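Structure file query23.txt (compact mmCIF, C-alpha atoms) follows.
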# COMPACT_ATOMS: atom_id res chain seq x y z
CA MET A 1 0.00 0.00 0.00
CA GLN A 2 2.82 2.41 0.91
CA LYS A 3 4.49 1.90 -2.48
CA LYS A 4 1.20 2.59 -4.26
CA ILE A 5 0.77 5.83 -2.30
CA ILE A 6 4.32 6.96 -3.16
CA SER A 7 3.77 6.14 -6.83
CA PHE A 8 0.52 8.10 -6.82
CA LEU A 9 2.16 11.11 -5.18
CA LEU A 10 4.93 11.15 -7.76
CA THR A 11 2.25 11.44 -10.42
CA VAL A 12 0.14 14.17 -8.84
CA LEU A 13 2.66 16.29 -6.95
CA PRO A 14 3.74 18.25 -10.04
CA THR A 15 0.18 19.52 -10.44
CA CYS A 16 0.28 20.83 -6.87
CA ALA A 17 3.39 22.95 -7.45
CA PHE A 18 3.00 26.29 -9.18
CA SER A 19 2.56 25.73 -12.91
CA GLN A 20 2.29 27.78 -16.07
CA ALA A 21 0.81 27.01 -19.48
CA VAL A 22 3.07 27.47 -22.51
CA ASN A 23 2.24 28.13 -26.15
CA ILE A 24 1.48 24.91 -28.12
CA ASP A 25 1.81 26.51 -31.56
CA HIS A 26 5.31 25.08 -31.92
CA PHE A 27 3.80 21.62 -32.42
CA LYS A 28 0.96 22.77 -34.68
CA ALA A 29 3.41 24.62 -36.93
CA LEU A 30 5.24 21.35 -37.58
CA LYS A 31 2.01 19.34 -37.91
CA LEU A 32 2.91 17.19 -34.91
CA GLN A 33 1.24 16.15 -31.69
CA GLY A 34 3.00 16.16 -28.35
CA SER A 35 4.18 18.36 -25.54
CA THR A 36 7.10 19.99 -23.81
CA THR A 37 7.24 19.95 -20.03
CA VAL A 38 9.80 21.99 -18.08
CA TYR A 39 10.54 22.04 -14.37
CA ASP A 40 12.40 24.95 -12.78
CA LEU A 41 14.14 23.52 -9.71
CA LYS A 42 14.93 26.81 -7.96
CA ALA A 43 11.41 28.21 -8.37
CA ASP A 44 9.75 24.81 -7.91
CA LYS A 45 7.69 25.68 -10.97
CA TRP A 46 6.29 23.49 -13.77
CA HIS A 47 5.65 24.70 -17.31
CA TYR A 48 3.44 22.75 -19.72
CA THR A 49 2.52 23.13 -23.36
CA ASP A 50 -0.09 20.42 -22.74
CA LYS A 51 -0.69 19.30 -19.16
CA ARG A 52 -2.85 16.34 -20.21
CA ASP A 53 -0.22 15.03 -22.61
CA ALA A 54 2.44 15.52 -19.93
CA ALA A 55 0.71 12.80 -17.90
CA ARG A 56 0.23 10.38 -20.82
CA LYS A 57 2.48 7.32 -20.96
CA THR A 58 4.21 6.04 -24.10
CA LEU A 59 7.26 3.89 -24.75
CA PRO A 60 10.43 5.58 -23.47
CA ALA A 61 12.44 4.42 -26.51
CA SER A 62 16.16 5.21 -26.12
CA THR A 63 15.58 7.64 -23.25
CA PHE A 64 15.38 4.41 -21.22
CA LYS A 65 19.13 4.08 -21.76
CA ILE A 66 19.58 6.46 -18.84
CA ALA A 67 17.87 4.09 -16.39
CA ASN A 68 19.10 1.02 -18.27
CA SER A 69 22.73 2.10 -17.93
CA LEU A 70 22.33 2.65 -14.18
CA ILE A 71 20.79 -0.80 -13.77
CA ALA A 72 23.35 -2.53 -16.01
CA LEU A 73 26.27 -1.03 -14.09
CA ASP A 74 24.71 -1.70 -10.69
CA THR A 75 23.96 -5.36 -11.49
CA LYS A 76 27.40 -5.85 -13.06
CA ALA A 77 25.78 -6.83 -16.35
CA ILE A 78 28.74 -4.85 -17.64
CA ALA A 79 31.83 -3.95 -15.63
CA ASP A 80 32.23 -0.37 -16.84
CA THR A 81 31.24 2.11 -19.51
CA ASP A 82 34.36 1.47 -21.60
CA VAL A 83 34.05 -2.34 -21.81
CA ILE A 84 33.58 -3.35 -25.45
CA ILE A 85 31.00 -5.91 -26.58
CA GLN A 86 31.62 -7.55 -29.94
CA TYR A 87 29.29 -6.91 -32.88
CA ASP A 88 27.63 -10.11 -34.12
CA GLY A 89 27.92 -9.29 -37.81
CA GLN A 90 24.17 -9.10 -38.45
CA PRO A 91 22.94 -5.91 -40.21
CA LYS A 92 21.38 -3.44 -37.78
CA THR A 93 18.81 -1.06 -39.23
CA PHE A 94 16.37 1.68 -38.24
CA LYS A 95 13.19 1.69 -40.31
CA GLY A 96 14.97 -0.39 -42.92
CA THR A 97 18.04 1.84 -43.18
CA ILE A 98 21.48 0.63 -42.13
CA VAL A 99 22.91 2.64 -39.24
CA PRO A 100 26.74 2.47 -39.55
CA GLU A 101 27.34 3.23 -35.85
CA TRP A 102 25.21 0.21 -34.90
CA ASN A 103 27.17 -2.21 -37.07
CA VAL A 104 30.41 -2.22 -35.09
CA SER A 105 31.67 -3.49 -31.76
CA THR A 106 31.01 -0.88 -29.09
CA ASP A 107 31.23 0.09 -25.45
CA MET A 108 28.46 1.62 -23.34
CA LYS A 109 29.66 5.20 -23.84
CA ASN A 110 29.26 4.97 -27.60
CA ALA A 111 26.17 2.76 -27.41
CA PHE A 112 24.53 5.44 -25.27
CA LYS A 113 25.58 8.24 -27.61
CA ASN A 114 24.51 6.37 -30.76
CA SER A 115 21.38 4.71 -29.28
CA THR A 116 22.78 1.30 -30.19
CA ILE A 117 19.85 -1.00 -29.49
CA TRP A 118 21.61 -4.36 -29.73
CA PHE A 119 24.11 -3.39 -27.00
CA TYR A 120 21.33 -2.72 -24.50
CA VAL A 121 19.42 -5.84 -25.57
CA LYS A 122 22.56 -7.76 -24.54
CA MET A 123 22.38 -6.01 -21.18
CA ALA A 124 18.68 -6.88 -20.87
CA GLU A 125 19.39 -10.56 -21.51
CA LYS A 126 21.80 -10.57 -18.58
CA ILE A 127 19.60 -8.53 -16.23
CA GLY A 128 16.25 -10.28 -16.74
CA ILE A 129 12.65 -9.11 -16.38
CA THR A 130 12.33 -9.81 -12.63
CA THR A 131 15.41 -7.75 -11.79
CA TYR A 132 14.26 -4.93 -14.05
CA GLN A 133 10.89 -4.78 -12.33
CA HIS A 134 12.62 -4.66 -8.95
CA TYR A 135 14.71 -1.67 -10.01
CA LEU A 136 11.90 0.11 -11.84
CA ARG A 137 9.78 -0.01 -8.70
CA LYS A 138 12.64 1.37 -6.61
CA ILE A 139 13.26 4.29 -8.96
CA HIS A 140 9.55 4.90 -9.70
CA TYR A 141 10.08 4.59 -13.45
CA GLY A 142 7.21 3.88 -15.83
CA ASN A 143 4.28 1.49 -15.63
CA LEU A 144 6.33 -1.75 -15.14
CA LYS A 145 4.69 -3.40 -18.20
CA ILE A 146 7.90 -4.83 -19.65
CA LYS A 147 6.98 -8.44 -20.43
CA HIS A 148 5.81 -7.96 -24.01
CA GLY A 149 8.66 -6.40 -25.93
CA LYS A 150 10.29 -7.65 -29.11
CA ASN A 151 13.44 -9.78 -29.12
CA GLY A 152 14.32 -8.58 -25.63
CA ASP A 153 13.64 -4.92 -26.42
CA PHE A 154 10.77 -3.74 -24.21
CA TRP A 155 11.56 0.00 -24.35
CA ASN A 156 10.90 0.33 -28.11
CA TYR A 157 8.13 -2.27 -28.39
CA GLY A 158 5.21 -3.38 -26.26
CA CYS A 159 3.22 -1.85 -23.41
CA PHE A 160 5.97 -0.25 -21.33
CA GLY A 161 5.15 3.42 -20.80
CA ILE A 162 6.35 6.56 -19.10
CA SER A 163 4.97 10.10 -19.04
CA PRO A 164 6.92 13.36 -19.48
CA ILE A 165 6.18 14.20 -15.83
CA ASN A 166 7.59 10.84 -14.73
CA GLN A 167 10.66 11.40 -16.94
CA ILE A 168 11.36 14.71 -15.20
CA ASN A 169 10.81 13.33 -11.70
CA PHE A 170 13.28 10.55 -12.52
CA LEU A 171 15.82 13.03 -13.92
CA LYS A 172 15.41 15.24 -10.87
CA ALA A 173 16.18 12.27 -8.59
CA LEU A 174 19.18 11.45 -10.80
CA TYR A 175 20.55 14.98 -10.62
CA LEU A 176 20.09 15.18 -6.84
CA ASN A 177 21.73 11.76 -6.36
CA GLN A 178 18.53 10.45 -4.77
CA LEU A 179 18.38 7.21 -6.77
CA PRO A 180 19.39 3.87 -5.16
CA PHE A 181 22.75 3.70 -6.95
CA THR A 182 26.27 4.63 -5.90
CA LYS A 183 27.45 8.14 -6.68
CA THR A 184 30.13 6.60 -8.88
CA THR A 185 27.52 4.85 -11.01
CA ILE A 186 25.32 7.94 -11.20
CA ASP A 187 28.28 10.14 -12.19
CA LYS A 188 29.22 7.76 -15.00
CA VAL A 189 25.74 8.00 -16.46
CA LYS A 190 25.66 11.77 -16.06
CA ASP A 191 28.96 11.95 -17.93
CA MET A 192 27.43 10.00 -20.82
CA MET A 193 24.45 12.37 -20.87
CA LEU A 194 26.57 15.52 -21.22
CA ILE A 195 26.16 16.71 -24.82
CA LYS A 196 27.06 20.39 -24.64
CA GLN A 197 29.03 22.62 -22.30
CA THR A 198 29.40 26.38 -22.66
CA SER A 199 30.40 29.24 -20.38
CA LYS A 200 26.70 29.72 -19.57
CA TYR A 201 25.34 26.19 -19.20
CA SER A 202 25.85 22.44 -19.35
CA LEU A 203 23.27 20.36 -21.22
CA TYR A 204 22.63 16.73 -20.23
CA ALA A 205 20.15 14.89 -22.46
CA LYS A 206 19.06 11.77 -24.31
CA THR A 207 16.96 11.32 -27.42
CA GLY A 208 14.58 8.48 -28.19
CA TRP A 209 12.45 7.37 -31.15
CA SER A 210 10.20 4.32 -31.27
CA TYR A 211 7.72 3.35 -33.97
CA ASP A 212 5.59 0.57 -32.52
CA GLY A 213 2.18 1.63 -33.83
CA PHE A 214 3.12 5.30 -34.30
CA ASP A 215 6.20 7.51 -34.37
CA ASN A 216 7.08 8.47 -30.81
CA GLY A 217 10.03 10.82 -30.38
CA TRP A 218 11.62 12.07 -27.15
CA TRP A 219 14.22 14.52 -25.96
CA VAL A 220 14.68 14.54 -22.19
CA GLY A 221 17.32 15.97 -19.89
CA TYR A 222 18.34 18.95 -17.83
CA VAL A 223 20.22 22.21 -18.20
CA GLU A 224 22.62 23.22 -15.46
CA THR A 225 23.36 26.95 -15.21
CA GLY A 226 25.38 28.89 -12.69
CA ASN A 227 22.44 29.25 -10.31
CA ASN A 228 19.64 26.93 -11.42
CA ILE A 229 18.63 23.63 -13.00
CA TYR A 230 15.92 23.26 -15.63
CA PHE A 231 14.58 19.78 -16.35
CA PHE A 232 12.71 19.08 -19.59
CA ALA A 233 10.87 16.35 -21.45
CA THR A 234 9.70 16.90 -25.01
CA ARG A 235 7.70 14.22 -26.81
CA VAL A 236 6.48 14.44 -30.41
CA THR A 237 4.19 11.90 -32.07
CA LYS A 238 2.70 11.28 -35.51
CA SER A 239 1.16 8.47 -37.52
CA LEU A 240 3.55 6.11 -39.29
CA ASN A 241 2.15 6.85 -42.74
CA GLU A 242 2.59 10.60 -42.36
CA LYS A 243 5.88 11.81 -43.79
CA ASN A 244 7.56 14.61 -41.87
CA ASP A 245 11.22 15.35 -42.52
CA GLN A 246 11.36 17.62 -39.47
CA PHE A 247 10.26 14.93 -37.01
CA SER A 248 13.71 14.02 -35.70
CA GLN A 249 14.99 17.58 -35.27
CA SER A 250 11.64 18.85 -33.95
CA ARG A 251 12.35 17.30 -30.56
CA MET A 252 15.27 19.64 -30.06
CA SER A 253 13.99 22.68 -31.96
CA ILE A 254 10.68 22.79 -30.07
CA THR A 255 12.47 22.46 -26.73
CA ARG A 256 14.75 25.37 -27.59
CA GLN A 257 11.75 27.47 -28.64
CA VAL A 258 9.96 26.75 -25.36
CA PHE A 259 13.04 27.65 -23.31
CA LYS A 260 13.31 30.92 -25.24
CA GLU A 261 9.61 31.68 -24.80
CA LEU A 262 9.92 31.13 -21.04
CA ASN A 263 12.99 33.38 -20.91
CA LEU A 264 14.94 30.64 -19.14
CA ILE A 265 18.14 30.35 -21.17
CA SER A 266 19.05 30.24 -24.85
CA LEU A 267 20.10 26.72 -25.88
CA ASP A 268 21.29 27.81 -29.35

In structure tokens, what does this structure look like?
Amino acid sequence: MQKKIISFLLTVLPTCAFSQAVNIDHFKALKLQGSTTVYDLKADKWHYTDKRDAARKTLPASTFKIANSLIALDTKAIADTDVIIQYDGQPKTFKGTIVPEWNVSTDMKNAFKNSTIWFYVKMAEKIGITTYQHYLRKIHYGNLKIKHGKNGDFWNYGCFGISPINQINFLKALYLNQLPFTKTTIDKVKDMMLIKQTSKYSLYAKTGWSYDGFDNGWWVGYVETGNNIYFFATRVTKSLNEKNDQFSQSRMSITRQVFKELNLISLD
């Protein structure tokens, strides 16, 4: 009962903190559905382009590599982020297109950067469903429906789901070192998430894109400035038969537009 109460509170607490609606025209302009959710740590303030969508769960896709890496390192499914796993020689594709970075032997650092699915499927085979569910409960991540994936991949296929609000609560716990992992393990994953560092900010993020039933794109992470932290989760969706060349980049471009509109910080 206590775990259920905690899980419920993690879902509803963001709506209790001060919140602000944000323009949704960024999505309409690109003919996409979705939302951007931002949490200002210092002000304890949530910003939503679509509060209802912010609570809706979909597959995490490769954003799950953040949690997956923590679990893999903690369970010793892999000894460290620089340990190389050999490529099996079978062509690896995304929507029928060969991805060169996926067709080589790789370590976790590069698998994380390149969203190399087969590497993390290898980790999943070692970890197992029962262990995953144990960890997911402890870190309050997603809906725990991980039994019906495809070839060991339950984060791109099946019924596993997480909401933008849940993504941000998880990232907040990661940043504050409040997850049940050693600081060493958490720091290794944070290092892999760092994608840009300037004199004004450091950007930690992960993309994701699944297409089980519909195109489901994510960009989640946080921006560390000199005096504040901004957490974000942008999700864009569209039907599979609808062509949109801006889909991939829209995850980042919309997030930057929302940050600019909120006068938080320019991510250009």

Atom CA of A:Leu194 to atom CA of A:Ala233, distance in Å rounded to a single decimal: 15.7 Å

Neighbour list for A:Lys42 as an MDAnalysis selection string, cut-off 8 Å, all atoms listed in the file, skip fewer than 3 positions in-chain: chainID A and resid 45 228:229

Nearest residue to A:Ala61 from the set A:Phe247, A:Trp102, A:Phe214, A:Trp209 (distances using all atoms listed in the file):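 Of the candidates, the smallest distance to A:Ala61 is held by A:Trp209.
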
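Proximity to A:Asp82 was assessed for A:Ser69, A:Thr106, A:Asn114, A:Ser199 counting all atoms listed in the file; the smallest distance is recorded for A:Thr106.
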
Mind checking which residues fall within 9 Å of A:Met193, counting only C-alpha atoms, ignoring those fewer than 5 positions away in the same chain, and posting them as a PDB file with C-alpha atoms, keeping the file's coordinate frame?
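New file result-v5.pdb:
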ATOM      1  CA  ILE A  66      19.580   6.460 -18.840  1.00  0.00           C
ATOM      2  CA  PHE A 112      24.530   5.440 -25.270  1.00  0.00           C
ATOM      3  CA  LYS A 113      25.580   8.240 -27.610  1.00  0.00           C
ATOM      4  CA  LYS A 188      29.220   7.760 -15.000  1.00  0.00           C
ATOM      5  CA  LEU A 203      23.270  20.360 -21.220  1.00  0.00           C
ATOM      6  CA  TYR A 204      22.630  16.730 -20.230  1.00  0.00           C
ATOM      7  CA  ALA A 205      20.150  14.890 -22.460  1.00  0.00           C
ATOM      8  CA  LYS A 206      19.060  11.770 -24.310  1.00  0.00           C
ATOM      9  CA  GLY A 221      17.320  15.970 -19.890  1.00  0.00           C
TER      10      GLY A 221
END

Which residue of A:Lys76, A:Arg137, A:His148, A:Arg56 approaches A:Thr185 most closely, using all atoms listed in the file: A:Lys76

Spatial neighbours of A:Trp118, 9 Å, all atoms listed in the file, chain gap at least 3 places, as JSON, numbers by chain: {"A": [87, 92, 102, 111, 121, 122, 123, 153]}

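Our summary of the geometry notes that atom CA of A:Ser115 is positioned 27.2 Å from atom CA of A:Tyr48.
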
Top pick for closest residue to A:Thr37, considering A:Ile186, A:Val104, A:Ala72, A:Ile168 and counting all atoms listed in the file: A:Ile168

As a PDB file, in the frame of the given file, could you write out stretch 60-72 of chain A once it has been completed with N, CA and C atoms?
ATOM      1  N   PRO A  60       9.341   4.626 -23.695  1.00  0.00           N
ATOM      2  CA  PRO A  60      10.430   5.580 -23.470  1.00  0.00           C
ATOM      3  C   PRO A  60      11.459   5.602 -24.598  1.00  0.00           C
ATOM      4  N   ALA A  61      11.447   4.556 -25.448  1.00  0.00           N
ATOM      5  CA  ALA A  61      12.440   4.420 -26.510  1.00  0.00           C
ATOM      6  C   ALA A  61      13.852   4.552 -25.898  1.00  0.00           C
ATOM      7  N   SER A  62      14.770   5.187 -26.602  1.00  0.00           N
ATOM      8  CA  SER A  62      16.160   5.210 -26.120  1.00  0.00           C
ATOM      9  C   SER A  62      16.396   6.128 -24.927  1.00  0.00           C
ATOM     10  N   THR A  63      15.389   6.898 -24.501  1.00  0.00           N
ATOM     11  CA  THR A  63      15.580   7.640 -23.250  1.00  0.00           C
ATOM     12  C   THR A  63      15.724   6.665 -22.079  1.00  0.00           C
ATOM     13  N   PHE A  64      15.241   5.431 -22.268  1.00  0.00           N
ATOM     14  CA  PHE A  64      15.380   4.410 -21.220  1.00  0.00           C
ATOM     15  C   PHE A  64      16.842   4.041 -21.000  1.00  0.00           C
ATOM     16  N   LYS A  65      17.709   4.393 -21.925  1.00  0.00           N
ATOM     17  CA  LYS A  65      19.130   4.080 -21.760  1.00  0.00           C
ATOM     18  C   LYS A  65      19.730   4.765 -20.532  1.00  0.00           C
ATOM     19  N   ILE A  66      19.101   5.825 -20.068  1.00  0.00           N
ATOM     20  CA  ILE A  66      19.580   6.460 -18.840  1.00  0.00           C
ATOM     21  C   ILE A  66      19.389   5.503 -17.668  1.00  0.00           C
ATOM     22  N   ALA A  67      18.156   5.047 -17.470  1.00  0.00           N
ATOM     23  CA  ALA A  67      17.870   4.090 -16.390  1.00  0.00           C
ATOM     24  C   ALA A  67      18.541   2.755 -16.657  1.00  0.00           C
ATOM     25  N   ASN A  68      18.527   2.323 -17.908  1.00  0.00           N
ATOM     26  CA  ASN A  68      19.100   1.020 -18.270  1.00  0.00           C
ATOM     27  C   ASN A  68      20.588   0.965 -17.955  1.00  0.00           C
ATOM     28  N   SER A  69      21.283   2.056 -18.208  1.00  0.00           N
ATOM     29  CA  SER A  69      22.730   2.100 -17.930  1.00  0.00           C
ATOM     30  C   SER A  69      22.991   2.012 -16.429  1.00  0.00           C
ATOM     31  N   LEU A  70      22.198   2.722 -15.642  1.00  0.00           N
ATOM     32  CA  LEU A  70      22.330   2.650 -14.180  1.00  0.00           C
ATOM     33  C   LEU A  70      22.144   1.218 -13.696  1.00  0.00           C
ATOM     34  N   ILE A  71      21.105   0.564 -14.202  1.00  0.00           N
ATOM     35  CA  ILE A  71      20.790  -0.800 -13.770  1.00  0.00           C
ATOM     36  C   ILE A  71      21.866  -1.775 -14.231  1.00  0.00           C
ATOM     37  N   ALA A  72      22.326  -1.627 -15.473  1.00  0.00           N
ATOM     38  CA  ALA A  72      23.350  -2.530 -16.010  1.00  0.00           C
ATOM     39  C   ALA A  72      24.652  -2.423 -15.213  1.00  0.00           C
TER      40      ALA A  72
END
